[in-house]
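As provided, target.tsv (TSV, C-alpha atoms) reads as follows.
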```
chain	number	residue	atom	x	y	z
A	222	MET	CA	-51.03	-153.19	11.07
A	223	LYS	CA	-51.12	-156.99	10.68
A	224	VAL	CA	-54.45	-158.36	9.48
A	225	ARG	CA	-55.62	-161.97	9.37
A	226	VAL	CA	-59.27	-162.76	8.74
A	227	VAL	CA	-60.62	-166.30	8.32
A	228	HIS	CA	-64.16	-167.28	7.34
A	229	GLU	CA	-65.13	-170.90	6.82
A	230	ARG	CA	-68.12	-173.10	6.25
A	231	LEU	CA	-68.73	-176.83	6.47
A	232	LEU	CA	-70.26	-178.14	3.22
A	233	THR	CA	-72.21	-181.35	2.71
A	234	ALA	CA	-70.24	-182.33	-0.35
A	235	ASP	CA	-66.93	-184.06	-0.81
A	236	THR	CA	-63.98	-182.04	-2.08
A	237	ALA	CA	-64.43	-183.25	-5.67
A	238	ALA	CA	-68.02	-182.01	-5.79
A	239	ALA	CA	-67.31	-178.76	-3.92
A	240	GLY	CA	-64.15	-178.05	-5.91
A	241	VAL	CA	-66.20	-176.72	-8.81
A	242	LEU	CA	-67.01	-173.72	-6.62
A	243	ILE	CA	-63.38	-172.60	-6.68
A	244	ASP	CA	-62.86	-173.54	-10.32
A	245	GLY	CA	-65.88	-171.52	-11.44
A	246	LEU	CA	-64.75	-168.23	-9.90
A	247	SER	CA	-65.16	-165.28	-12.30
A	248	SER	CA	-66.65	-167.48	-15.02
A	249	SER	CA	-70.18	-167.63	-16.42
A	250	LYS	CA	-70.63	-170.74	-14.21
A	251	ASP	CA	-69.60	-168.96	-10.98
A	252	LYS	CA	-71.64	-170.40	-8.09
A	253	LEU	CA	-69.42	-169.03	-5.31
A	254	TRP	CA	-68.98	-165.28	-5.80
A	255	PRO	CA	-72.10	-163.27	-4.82
A	256	HIS	CA	-72.02	-161.18	-8.02
A	257	GLU	CA	-75.72	-160.41	-7.93
A	258	ALA	CA	-75.26	-158.22	-4.83
A	259	TRP	CA	-71.56	-157.26	-5.00
A	260	PRO	CA	-69.11	-156.17	-7.70
A	261	ALA	CA	-68.30	-159.16	-9.90
A	262	MET	CA	-64.90	-160.83	-9.76
A	263	LYS	CA	-63.30	-160.34	-13.17
A	264	PHE	CA	-59.94	-161.22	-14.68
A	265	ASP	CA	-58.17	-160.47	-17.93
A	266	GLY	CA	-58.49	-164.14	-18.86
A	267	ALA	CA	-59.39	-167.49	-17.37
A	268	LEU	CA	-58.70	-168.28	-13.73
A	269	ALA	CA	-54.99	-169.15	-13.91
A	270	VAL	CA	-51.73	-168.09	-12.29
A	271	GLY	CA	-50.83	-164.64	-13.59
A	272	ALA	CA	-54.39	-163.52	-14.43
A	273	THR	CA	-55.04	-159.97	-13.18
A	274	GLY	CA	-58.28	-158.31	-12.17
A	275	GLY	CA	-60.34	-158.03	-9.02
A	276	HIS	CA	-63.72	-156.81	-7.85
A	277	GLY	CA	-64.77	-153.19	-7.44
A	278	PRO	CA	-61.82	-151.16	-6.13
A	279	ILE	CA	-59.98	-154.29	-4.91
A	280	ARG	CA	-57.30	-155.33	-7.40
A	281	TYR	CA	-55.25	-158.51	-7.39
A	282	SER	CA	-53.62	-161.21	-9.47
A	283	VAL	CA	-53.81	-164.98	-9.24
A	284	GLU	CA	-50.69	-166.01	-7.35
A	285	ALA	CA	-51.42	-169.73	-6.89
A	286	TYR	CA	-54.11	-172.06	-8.19
A	287	SER	CA	-54.65	-175.76	-7.58
A	288	PRO	CA	-57.83	-176.71	-9.46
A	289	GLY	CA	-60.64	-177.79	-7.18
A	290	ARG	CA	-58.57	-177.17	-4.05
A	291	ARG	CA	-57.16	-173.68	-3.66
A	292	VAL	CA	-56.79	-170.23	-5.22
A	293	ARG	CA	-54.71	-167.40	-3.81
A	294	PHE	CA	-54.80	-163.78	-4.96
A	295	ARG	CA	-52.02	-161.21	-4.35
A	296	PHE	CA	-53.30	-157.65	-3.73
A	297	SER	CA	-52.21	-154.84	-6.04
A	298	GLY	CA	-54.77	-152.29	-4.80
A	299	PRO	CA	-55.92	-150.31	-3.02
A	300	MET	CA	-52.66	-148.77	-1.88
A	301	GLY	CA	-51.57	-150.11	1.47
A	302	PHE	CA	-52.99	-153.61	1.01
A	303	ASP	CA	-49.83	-155.71	1.15
A	304	GLY	CA	-50.79	-159.37	1.23
A	305	PHE	CA	-53.19	-161.93	-0.17
A	306	HIS	CA	-56.63	-163.47	0.07
A	307	GLY	CA	-58.06	-166.69	-1.28
A	308	TYR	CA	-60.21	-169.76	-0.93
A	309	GLU	CA	-59.10	-173.23	0.10
A	310	LEU	CA	-61.03	-176.47	0.32
A	311	GLU	CA	-60.19	-179.43	2.52
A	312	LYS	CA	-61.78	-182.72	3.45
A	313	ALA	CA	-63.59	-182.52	6.78
A	314	ARG	CA	-65.25	-185.93	7.13
A	315	PRO	CA	-66.49	-188.47	4.60
A	316	GLY	CA	-68.92	-186.63	2.32
A	317	GLU	CA	-68.11	-183.24	3.85
A	318	SER	CA	-65.59	-180.55	3.10
A	319	ARG	CA	-64.57	-177.27	4.64
A	320	LEU	CA	-64.41	-174.17	2.47
A	321	ARG	CA	-62.26	-171.45	3.94
A	322	HIS	CA	-61.49	-167.89	2.88
A	323	VAL	CA	-58.29	-166.42	4.32
A	324	LEU	CA	-57.09	-162.84	4.07
A	325	GLU	CA	-53.63	-161.95	5.36
A	326	MET	CA	-52.01	-158.58	4.84
A	327	ASP	CA	-50.16	-155.69	6.30
A	328	ALA	CA	-52.38	-152.60	6.20
A	329	LEU	CA	-49.99	-149.76	5.45
A	330	GLY	CA	-50.42	-145.99	5.25
A	331	ARG	CA	-54.02	-144.89	5.01
A	332	ALA	CA	-55.12	-148.54	4.81
A	333	ARG	CA	-54.50	-148.64	8.57
A	334	TRP	CA	-57.77	-146.74	8.95
A	335	THR	CA	-59.65	-147.54	5.72
A	336	TRP	CA	-59.36	-151.29	6.37
A	337	PRO	CA	-61.07	-151.37	9.79
A	338	LEU	CA	-63.58	-148.61	9.08
A	339	MET	CA	-64.64	-149.38	5.51
A	340	TYR	CA	-63.12	-152.41	3.86
A	341	ARG	CA	-63.30	-154.92	6.75
A	342	PRO	CA	-67.08	-154.68	7.29
A	343	LEU	CA	-67.69	-154.89	3.52
A	344	HIS	CA	-65.23	-157.78	3.17
A	345	ASP	CA	-66.85	-159.76	5.98
A	346	ALA	CA	-70.35	-159.29	4.58
A	347	LEU	CA	-69.27	-160.22	1.04
A	348	ILE	CA	-67.42	-163.36	2.14
A	349	GLU	CA	-70.31	-164.52	4.34
A	350	ASP	CA	-72.61	-164.03	1.33
A	351	SER	CA	-70.14	-166.09	-0.72
A	352	LEU	CA	-70.13	-168.92	1.81
A	353	ASP	CA	-73.94	-168.80	1.92
A	354	ARG	CA	-73.90	-169.39	-1.85
A	355	ALA	CA	-71.55	-172.35	-1.34
A	356	GLN	CA	-73.93	-173.88	1.20
A	357	ALA	CA	-76.91	-173.35	-1.10
A	358	TYR	CA	-74.99	-174.99	-3.97
A	359	CYS	CA	-74.51	-178.04	-1.73
A	360	GLY	CA	-78.23	-178.21	-0.95
A	361	LEU	CA	-78.23	-176.59	2.48
A	362	ASP	CA	-80.28	-173.64	3.57
A	363	PRO	CA	-77.81	-170.90	4.51
A	364	PRO	CA	-78.46	-169.12	7.80
A	365	ALA	CA	-80.79	-166.14	7.68
A	366	ARG	CA	-78.70	-163.01	7.92
A	367	SER	CA	-78.84	-159.39	6.94
A	368	TRP	CA	-76.14	-156.80	6.47
A	369	SER	CA	-75.43	-154.49	9.38
A	370	GLY	CA	-76.57	-150.88	9.23
A	371	TRP	CA	-72.93	-149.85	8.73
A	372	VAL	CA	-72.52	-152.19	5.74
A	373	ARG	CA	-75.77	-150.90	4.22
A	374	PHE	CA	-74.56	-147.30	4.71
A	375	LEU	CA	-71.14	-148.05	3.15
A	376	ARG	CA	-72.77	-149.75	0.15
A	377	TRP	CA	-75.05	-146.72	-0.29
A	378	ALA	CA	-72.13	-144.28	0.03
A	379	PHE	CA	-69.89	-146.22	-2.38
A	380	GLY	CA	-72.80	-146.55	-4.80
A	381	ARG	CA	-73.38	-142.79	-4.78
A	382	ARG	CA	-69.67	-142.17	-5.26
A	383	SER	CA	-69.36	-144.55	-8.22
A	384	ARG	CA	-72.44	-143.04	-9.90
A	385	ALA	CA	-71.03	-139.53	-9.42
A	386	THR	CA	-67.65	-140.46	-10.94
A	387	GLY	CA	-69.29	-142.27	-13.72
```
With the file now loaded, output its structure as structure tokens.
Amino acid sequence: MKVRVVHERLLTADTAAAGVLIDGLSSSKDKLWPHEAWPAMKFDGALAVGATGGHGPIRYSVEAYSPGRRVRFRFSGPMGFDGFHGYELEKARPGESRLRHVLEMDALGRARWTWPLMYRPLHDALIEDSLDRAQAYCGLDPPARSWSGWVRFLRWAFGRRSRATG
């Protein structure tokens, strides 16, 4: 099953100012990843091509990185996730930039059902939370939103499972 998911947000900052959001990923200065509510993004070293890590059960390596502009991660897990995800930043208008998260993959094997039922709703909620953080960093009030009942249930179920397995 082919999957392409795009989330984007217009930021009131030029690309130089907003670029620190990408460059700070997985660091102690991370202003983009919503680590207070979701599993933290972690790598075996600094954000650089070849670094490996991920967040929660999602594993990947840094495939491409252009500081302040773009980072692309190649999936290595879960099984059946054959593709990439990443952030890119582009100039929109003077003083504004567009931050985009793109996920493209082939969902293979059991991922054909785990992606739409479990991972997609969690992914969408996490990325929207991430883009809310980007807007807040740029001085805007992000839209008021709450997770769907299904996302809340999945977070509860995954939380119980991770506590049980220790």
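Closest approach to Arg331 in chain A among A:Trp259, A:Trp254, A:Phe296, A:Phe302: A:Phe302, based on all atoms listed in the file.
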Query - Straight-line distance linking CA of Glu317 in chain A with CA of Pro255 in chain A, stated in Å to one decimal - result: 22.1 Å
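Shortest atom-to-atom contact with His276 in chain A among A:Leu246, A:Arg291, A:Pro315, A:Trp377: A:Leu246, counting all atoms listed in the file.
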**Report entry** CA of Ser282 in chain A to CA of Tyr308 in chain A, distance in Å rounded to a single decimal
**Finding:**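 According to the coordinates, CA of Ser282 in chain A and CA of Tyr308 in chain A are separated by 13.8 Å.
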Per residue of range 249-334 of chain A within 12 Å of range 347-366 of chain A, what are the shortest atom pair and its distance in Å to one decimal, counting all atoms listed in the file, with rows by chain and residue number, as JSON lines?
```
{"residue": "A:Lys250", "atom": "CA", "partner": "A:Tyr358", "partner_atom": "CA", "distance": 11.9}
{"residue": "A:Asp251", "atom": "CA", "partner": "A:Arg354", "partner_atom": "CA", "distance": 10.1}
{"residue": "A:Lys252", "atom": "CA", "partner": "A:Arg354", "partner_atom": "CA", "distance": 6.7}
{"residue": "A:Leu253", "atom": "CA", "partner": "A:Ser351", "partner_atom": "CA", "distance": 5.5}
{"residue": "A:Trp254", "atom": "CA", "partner": "A:Ser351", "partner_atom": "CA", "distance": 5.3}
{"residue": "A:Pro255", "atom": "CA", "partner": "A:Ser351", "partner_atom": "CA", "distance": 5.3}
{"residue": "A:His256", "atom": "CA", "partner": "A:Ser351", "partner_atom": "CA", "distance": 9.0}
{"residue": "A:Glu257", "atom": "CA", "partner": "A:Asp350", "partner_atom": "CA", "distance": 10.4}
{"residue": "A:Ala258", "atom": "CA", "partner": "A:Leu347", "partner_atom": "CA", "distance": 8.6}
{"residue": "A:Trp259", "atom": "CA", "partner": "A:Leu347", "partner_atom": "CA", "distance": 7.1}
{"residue": "A:Pro260", "atom": "CA", "partner": "A:Leu347", "partner_atom": "CA", "distance": 9.6}
{"residue": "A:Ala261", "atom": "CA", "partner": "A:Leu347", "partner_atom": "CA", "distance": 11.0}
{"residue": "A:Met262", "atom": "CA", "partner": "A:Leu347", "partner_atom": "CA", "distance": 11.7}
{"residue": "A:His276", "atom": "CA", "partner": "A:Leu347", "partner_atom": "CA", "distance": 11.0}
{"residue": "A:Gly277", "atom": "CA", "partner": "A:Leu347", "partner_atom": "CA", "distance": 11.9}
{"residue": "A:His306", "atom": "CA", "partner": "A:Ile348", "partner_atom": "CA", "distance": 11.0}
{"residue": "A:Gly307", "atom": "CA", "partner": "A:Ile348", "partner_atom": "CA", "distance": 10.5}
{"residue": "A:Tyr308", "atom": "CA", "partner": "A:Ile348", "partner_atom": "CA", "distance": 10.1}
{"residue": "A:Glu309", "atom": "CA", "partner": "A:Leu352", "partner_atom": "CA", "distance": 12.0}
{"residue": "A:Leu310", "atom": "CA", "partner": "A:Ala355", "partner_atom": "CA", "distance": 11.4}
{"residue": "A:Gly316", "atom": "CA", "partner": "A:Cys359", "partner_atom": "CA", "distance": 11.0}
{"residue": "A:Glu317", "atom": "CA", "partner": "A:Cys359", "partner_atom": "CA", "distance": 10.0}
{"residue": "A:Ser318", "atom": "CA", "partner": "A:Cys359", "partner_atom": "CA", "distance": 10.4}
{"residue": "A:Arg319", "atom": "CA", "partner": "A:Leu352", "partner_atom": "CA", "distance": 10.4}
{"residue": "A:Leu320", "atom": "CA", "partner": "A:Leu352", "partner_atom": "CA", "distance": 7.8}
{"residue": "A:Arg321", "atom": "CA", "partner": "A:Leu352", "partner_atom": "CA", "distance": 8.5}
{"residue": "A:His322", "atom": "CA", "partner": "A:Ile348", "partner_atom": "CA", "distance": 7.5}
{"residue": "A:Val323", "atom": "CA", "partner": "A:Ile348", "partner_atom": "CA", "distance": 9.9}
{"residue": "A:Leu324", "atom": "CA", "partner": "A:Ile348", "partner_atom": "CA", "distance": 10.5}
```
**Report entry** Nearby residues (only C-alpha atoms) at most 8 Å from Tyr281 in chain A, same-chain spacing under 3 positions excluded, as a PyMOL selection string
**Finding:** chain A and resi 273-275+294-298
Report summary line: Pairwise distance, CA of Leu329 in chain A with CA of Ser247 in chain A, equals 28.0 Å
Query - Close residues, Arg333 in chain A itself excluded, 8 Å, only C-alpha atoms, min 5 positions apart in chain, as a PyMOL selection string - result: chain A and resi 222+301+328
Query - Counting all atoms listed in the file, the residue of A:Arg290, A:Ala267, A:His344, A:Asp303 that sits nearest Ala237 in chain A - result: A:Arg290
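Using all atoms listed in the file, the shortest contact distance between Ala239 in chain A and any of A:Pro342, A:Trp368, A:Asp327, A:Ala313 is found at A:Ala313.
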Query - Pick from A:Lys312, A:Arg293, A:Lys263, A:Arg280, whichever lies nearest to Thr233 in chain A using only C-alpha atoms - result: A:Lys312
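The closest residue to Leu232 in chain A, picked from A:Arg314, A:Leu343, A:Gly289, A:Trp336 and counting only C-alpha atoms, is A:Arg314.
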